[in-house]
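To keep things clear, I will list the structure first and then write my remarks on it.
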Number of protein chains: 2
Amino acid sequence: MTSSPPSDPARLLALLWRDQPSVSRRGPVRALTVDAVVAAATQLGDREGLGSVTMRAVAQTLGVGAMTLYTYAPGRAALIDLMLDAAYAQMTRTDTGGQPWRARLTAIAQENRALFEQHPWAATVAASRPPVGPGLMAKFEHELAALDKLGLDDIEMDACLTHLLGFVQGCARTAADARAVEIDSSMSDQKWWDAHAPLLARIFDAEDYPLAVRVGAAAGVAQGAAYDPDNAYRFGLARTLDGLATLIDKAR
Amino acid sequence: MTSSPPSDPARLLALLWRDQPSVSRRGPVRALTVDAVVAAATQLGDREGLGSVTMRAVAQTLGVGAMTLYTYAPGRAALIDLMLDAAYAQMTRTDTGGQPWRARLTAIAQENRALFEQHPWAATVAASRPPVGPGLMAKFEHELAALDKLGLDDIEMDACLTHLLGFVQGCARTAADARAVEIDSSMSDQKWWDAHAPLLARIFDAEDYPLAVRVGAAAGVAQGAAYDPDNAYRFGLARTLDGLATLIDKAR
DNA sequence: CCAATCTCCGTACAGCGTACGACGTAACCC
DNA sequence: GGGTTACGTCGTACGCTGTACGGAGATTGG
């Protein structure tokens, strides 16, 4: 995972939109397609995490040499952009026209949650300067529709959507990290705490942190672990929607 | 950045709490201290990002061989845990006793925002299974105090704090990513869009994405970029606190 | 038919984390 | 005080990463 290539912007955009540059290719026929490469990389990522999506590994599942991939995408970063846009494109987009705004936004959140459930790696990658491809555009258009006609101006619509999606992605990222940690430490959260508790009890004085100890213990007992992604999502979504409500109800 | 060592849990905890195991060290006197290593790594991370915090680079700034670091911390992952706990420990914690809860939580958010401003790498790392060290405990205790005596039960206090911190960290992560992308693509957001806009206009039909084009353009014009971290923070914090208000006001 | 141009990919390089072991140093035991 | 033993330091090496380079073969345009 070293530095990135110069990354000609035009090349990546053409790839994202599957914009064939030439009418006739001169060399031998291509054995693969961009879609096949992206699909193979995505499957690998879904199964073993983004860290396992190496050029060599992807190439091996396709039965080609590693360097062959570079004729389909200019590098690993571009490949991941393509994976992400393809994942966006394949999201199911439920029609919630006519439903109240809270139901509409709940559906949007749920769709994104499903995306990150199917593709946990996506939560760790989709940050700034997203791949402006057909998948992202379709997703953006669909999600803005859920915020349309609520009396918000364009900038507020964008801000509300960013806020909601940020929440869902944050949840997914934490959940994905938690699973990754359990896997590569081969230790469940429960076992981890069991292993650390006696040591911690010896090392620090519970009286120094009365609130932290009390609240931490209560939360741990209540959800059987230090962190429960489902609870965090349910609670957080309710809070997030309540927060948007103050803006939306005022605007109506 | 390959796999992690077995990571003896006890070893890391002892390090976090600076728990000297023996009363007398037998070999030659240590040339460095754990704190010095952590400080050097932190400075490097602040200046050049977490990706530049390599064992070799940190060792070089300290004038020692790379492998020497392993006598102070069992590996890179542990070193980053130590960096994070130290950063937590050094946060300024303002006393907001007596102030209304909204001011208290605003202060908590601001303190975390300052943390991520000083240590942008922290936003990209502080996810699951955090380092249970003195810094984290002090931070947790302090932040819970801002939520105490509001009529919330322990589990709600934990959930509210997690929700608020998740928002701030998400903001910081996006902002840090945006800066990183600008740096290593050596292209400002403005230039990036200028380079892509004509290409995008040619490639896709604006009529296919009426809302996306309209809202995207409005947001871009309004903040001079596709994403403005300050705006996102201000807007998001207001929404987040409004969302918590529905729970807190009900509980009082 | 030839040259141009494309695909495929073996090899190589720099950089990463870190396992291993050599070597010197300091404290313990007697 | 001398031997033993534990420890700090760190050079070397291994397996991994992304990818630059260039050769070999295939296909097409002229």
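Each chain in the structure tokens gets a letter, A, B, ..., in the order shown, and its residues are numbered from 1; ligands are numbered from 1 in order too.
Near chain B, counting only C-alpha atoms (C1' of nucleotides) at 12 Å, the chain C residues are DG15, DC16, DG17, DT18, DA19, DC20, DG24, DT25, DA26, DA27 and DC28 of chain C.
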With chain A as the partner and 9 Å as the cut-off, tabulate the residues of chain D that qualify, each row holding the nearest pair of atoms and their distance in Å to one decimal, using only C-alpha atoms (C1' of nucleotides), sorted by chain and rising number, as a tab-separated table.
residue	atom	partner	partner_atom	distance
D:DT17	C1'	A:Met1	CA	5.2
D:DG18	C1'	A:Met1	CA	5.4
D:DT19	C1'	A:Gly75	CA	8.0
D:DG25	C1'	A:Pro28	CA	8.9
D:DA26	C1'	A:Pro28	CA	4.8
D:DT27	C1'	A:Gly27	CA	4.6
D:DT28	C1'	A:Arg26	CA	5.0
D:DG29	C1'	A:Arg26	CA	8.7
Take the residues from that selection and write them out as a tab-separated table (two decimals), in the first residue's frame, keeping C-alpha atoms (C1' of nucleotides).
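This is the output file selection31.tsv:
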chain	number	residue	atom	x	y	z
D	17	DT	C1'	2.49	-4.52	-0.46
D	18	DG	C1'	1.72	-1.36	-4.95
D	19	DT	C1'	3.46	-0.67	-9.23
D	25	DG	C1'	2.63	-12.30	-28.58
D	26	DA	C1'	-1.87	-10.98	-30.77
D	27	DT	C1'	-4.61	-8.16	-33.58
D	28	DT	C1'	-5.75	-4.46	-36.71
D	29	DG	C1'	-5.06	-0.38	-40.13
Can you list every residue in range 5-228 of chain A that DSSP puts in helix (DSSP H, G or I), as a VMD selection string?
chain A and resid 9 to 16 34 to 48 50 to 52 55 to 62 66 to 71 76 to 89 101 to 118 120 to 123 134 to 145 154 to 184 189 to 203 206 to 208 210 to 223
Go through chain B residue by residue and, counting only C-alpha atoms, keep those with an atom at most 7 Å from chain A; for each kept residue give the shortest atom pair and its distance in Å to one decimal, ordered by chain and increasing number, as a Markdown table.
| residue | atom | partner | partner_atom | distance |
| --- | --- | --- | --- | --- |
| B:Ala127 | CA | A:Thr174 | CA | 5.7 |
| B:Ser128 | CA | A:Ala178 | CA | 5.2 |
| B:Arg129 | CA | A:Ala178 | CA | 7.0 |
| B:Met137 | CA | A:Ala212 | CA | 6.9 |
| B:Phe140 | CA | A:Ala212 | CA | 6.0 |
| B:Glu141 | CA | A:Ala212 | CA | 4.9 |
| B:Leu144 | CA | A:Leu211 | CA | 6.7 |
| B:Asp154 | CA | A:Val215 | CA | 5.1 |
| B:Ile155 | CA | A:Ala219 | CA | 5.3 |
| B:Asp158 | CA | A:Val215 | CA | 6.6 |
| B:Ala159 | CA | A:Ala232 | CA | 6.9 |
| B:His163 | CA | A:Gly236 | CA | 6.1 |
| B:Gly166 | CA | A:Gly170 | CA | 6.6 |
| B:Phe167 | CA | A:Phe167 | CA | 6.7 |
| B:Gly170 | CA | A:Gly170 | CA | 6.2 |
| B:Thr174 | CA | A:Ala127 | CA | 5.7 |
| B:Asp177 | CA | A:Ser128 | CA | 5.8 |
| B:Ala178 | CA | A:Ser128 | CA | 5.2 |
| B:Tyr209 | CA | A:Glu141 | CA | 5.9 |
| B:Leu211 | CA | A:Glu141 | CA | 5.8 |
| B:Ala212 | CA | A:Glu141 | CA | 4.9 |
| B:Val215 | CA | A:Asp154 | CA | 5.1 |
| B:Ala218 | CA | A:Asp154 | CA | 6.3 |
| B:Ala219 | CA | A:Ile155 | CA | 5.3 |
| B:Ala232 | CA | A:Ala159 | CA | 6.9 |
| B:Gly236 | CA | A:His163 | CA | 6.1 |
| B:Arg239 | CA | A:Gly243 | CA | 4.3 |
| B:Thr240 | CA | A:Gly243 | CA | 5.6 |
| B:Leu241 | CA | A:Gly243 | CA | 7.0 |
| B:Asp242 | CA | A:Gly243 | CA | 4.6 |
| B:Gly243 | CA | A:Gly243 | CA | 3.8 |
| B:Leu244 | CA | A:Arg239 | CA | 5.9 |
| B:Thr246 | CA | A:Asp242 | CA | 6.9 |
Next on the checklist: Please list as a PyMOL selection string every residue within 12 Å of DA22 in chain C, counting only C-alpha atoms (C1' of nucleotides) and excluding residues in the same chain fewer than 6 positions away.
Outcome noted: chain D and resi 9-12
Those same residues, written as a compact mmCIF listing (two decimals), in the first residue's frame with C-alpha atoms (C1' of nucleotides)?
# COMPACT_ATOMS: atom_id res chain seq x y z
C1' DT D 9 20.42 -2.28 20.90
C1' DC D 10 20.02 -3.08 16.23
C1' DG D 11 21.82 -5.38 11.52
C1' DT D 12 19.93 -8.61 8.66
Coordinates-based distance that separates CA of Lys250 in chain B from CA of Leu152 in chain B (Å, one decimal):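 Distance between the two atoms: 9.5 Å.
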Worksheet item: What's the 10 Å shell around His119 in chain B, counting only C-alpha atoms (C1' of nucleotides), without same-chain residues fewer than 2 positions away, as a PyMOL selection string?
Response: chain B and resi 42-43+45-47+49-50+83-84+87+113-117+121-124+172+176
Dump as a short mmCIF file (atom, residue, chain, number, x, y, z; two decimals), in the first residue's frame, selection limited to N, CA and C atoms:
data_model
loop_
_atom_site.label_atom_id
_atom_site.label_comp_id
_atom_site.auth_asym_id
_atom_site.auth_seq_id
_atom_site.Cartn_x
_atom_site.Cartn_y
_atom_site.Cartn_z
N THR B 42 3.89 10.87 17.89
CA THR B 42 2.77 11.79 17.80
C THR B 42 3.12 13.02 16.97
N GLN B 43 4.30 13.57 17.22
CA GLN B 43 4.71 14.73 16.42
C GLN B 43 4.77 14.39 14.94
N GLY B 45 3.11 12.05 13.43
CA GLY B 45 1.74 11.87 12.95
C GLY B 45 1.04 13.21 12.75
N ASP B 46 1.24 14.14 13.67
CA ASP B 46 0.61 15.45 13.53
C ASP B 46 1.10 16.15 12.27
N ARG B 47 2.39 16.01 11.99
CA ARG B 47 2.97 16.74 10.86
C ARG B 47 2.66 16.08 9.53
N GLY B 49 0.84 12.84 9.04
CA GLY B 49 -0.21 11.84 8.93
C GLY B 49 0.20 10.48 9.46
N LEU B 50 -0.80 9.70 9.80
CA LEU B 50 -0.55 8.41 10.42
C LEU B 50 0.22 7.47 9.50
N MET B 83 -0.21 6.38 21.64
CA MET B 83 -0.35 7.75 21.14
C MET B 83 -1.74 8.28 21.44
N LEU B 84 -2.74 7.44 21.19
CA LEU B 84 -4.12 7.87 21.36
C LEU B 84 -4.42 8.15 22.83
N ALA B 87 -2.84 11.33 23.84
CA ALA B 87 -3.57 12.49 23.31
C ALA B 87 -4.82 12.76 24.15
N ARG B 113 -13.33 18.27 19.18
CA ARG B 113 -12.97 18.88 17.89
C ARG B 113 -11.54 19.40 17.94
N ALA B 114 -11.19 19.99 19.05
CA ALA B 114 -9.82 20.51 19.20
C ALA B 114 -8.82 19.36 19.17
N LEU B 115 -9.18 18.26 19.81
CA LEU B 115 -8.29 17.09 19.78
C LEU B 115 -8.00 16.66 18.35
N PHE B 116 -9.05 16.58 17.56
CA PHE B 116 -8.88 16.09 16.19
C PHE B 116 -8.23 17.14 15.29
N GLU B 117 -8.31 18.40 15.73
CA GLU B 117 -7.63 19.43 14.96
C GLU B 117 -6.13 19.35 15.21
N TRP B 121 -4.79 12.52 12.80
CA TRP B 121 -4.70 11.06 12.69
C TRP B 121 -5.64 10.39 13.68
N ALA B 122 -5.91 11.04 14.79
CA ALA B 122 -6.73 10.40 15.81
C ALA B 122 -8.14 10.10 15.28
N ALA B 123 -8.61 10.94 14.39
CA ALA B 123 -9.96 10.74 13.86
C ALA B 123 -10.05 9.48 13.01
N THR B 124 -8.95 9.07 12.47
CA THR B 124 -8.97 7.92 11.56
C THR B 124 -8.69 6.62 12.29
N ALA B 172 -14.62 15.04 11.93
CA ALA B 172 -13.16 15.20 11.90
C ALA B 172 -12.55 14.27 10.87
N ALA B 176 -10.33 15.44 7.86
CA ALA B 176 -8.95 14.99 7.73
C ALA B 176 -8.72 14.33 6.38
#
Identify, on the basis of only C-alpha atoms (C1' of nucleotides), every residue whose closest approach to DC21 in chain D does not exceed 10 Å; exclude the query and any residue fewer than 2 positions from it along the same chain; express the result as a ChimeraX atom specification. /C:11-12 /D:19,23
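Between CA of Ile108 in chain A and CA of Ala146 in chain A lies a distance of 7.7 Å.
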Quote the spacing between CA of Thr106 in chain A and CA of Val168 in chain B in Å to one decimal place.
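Here the two named atoms are 21.8 Å from each other.
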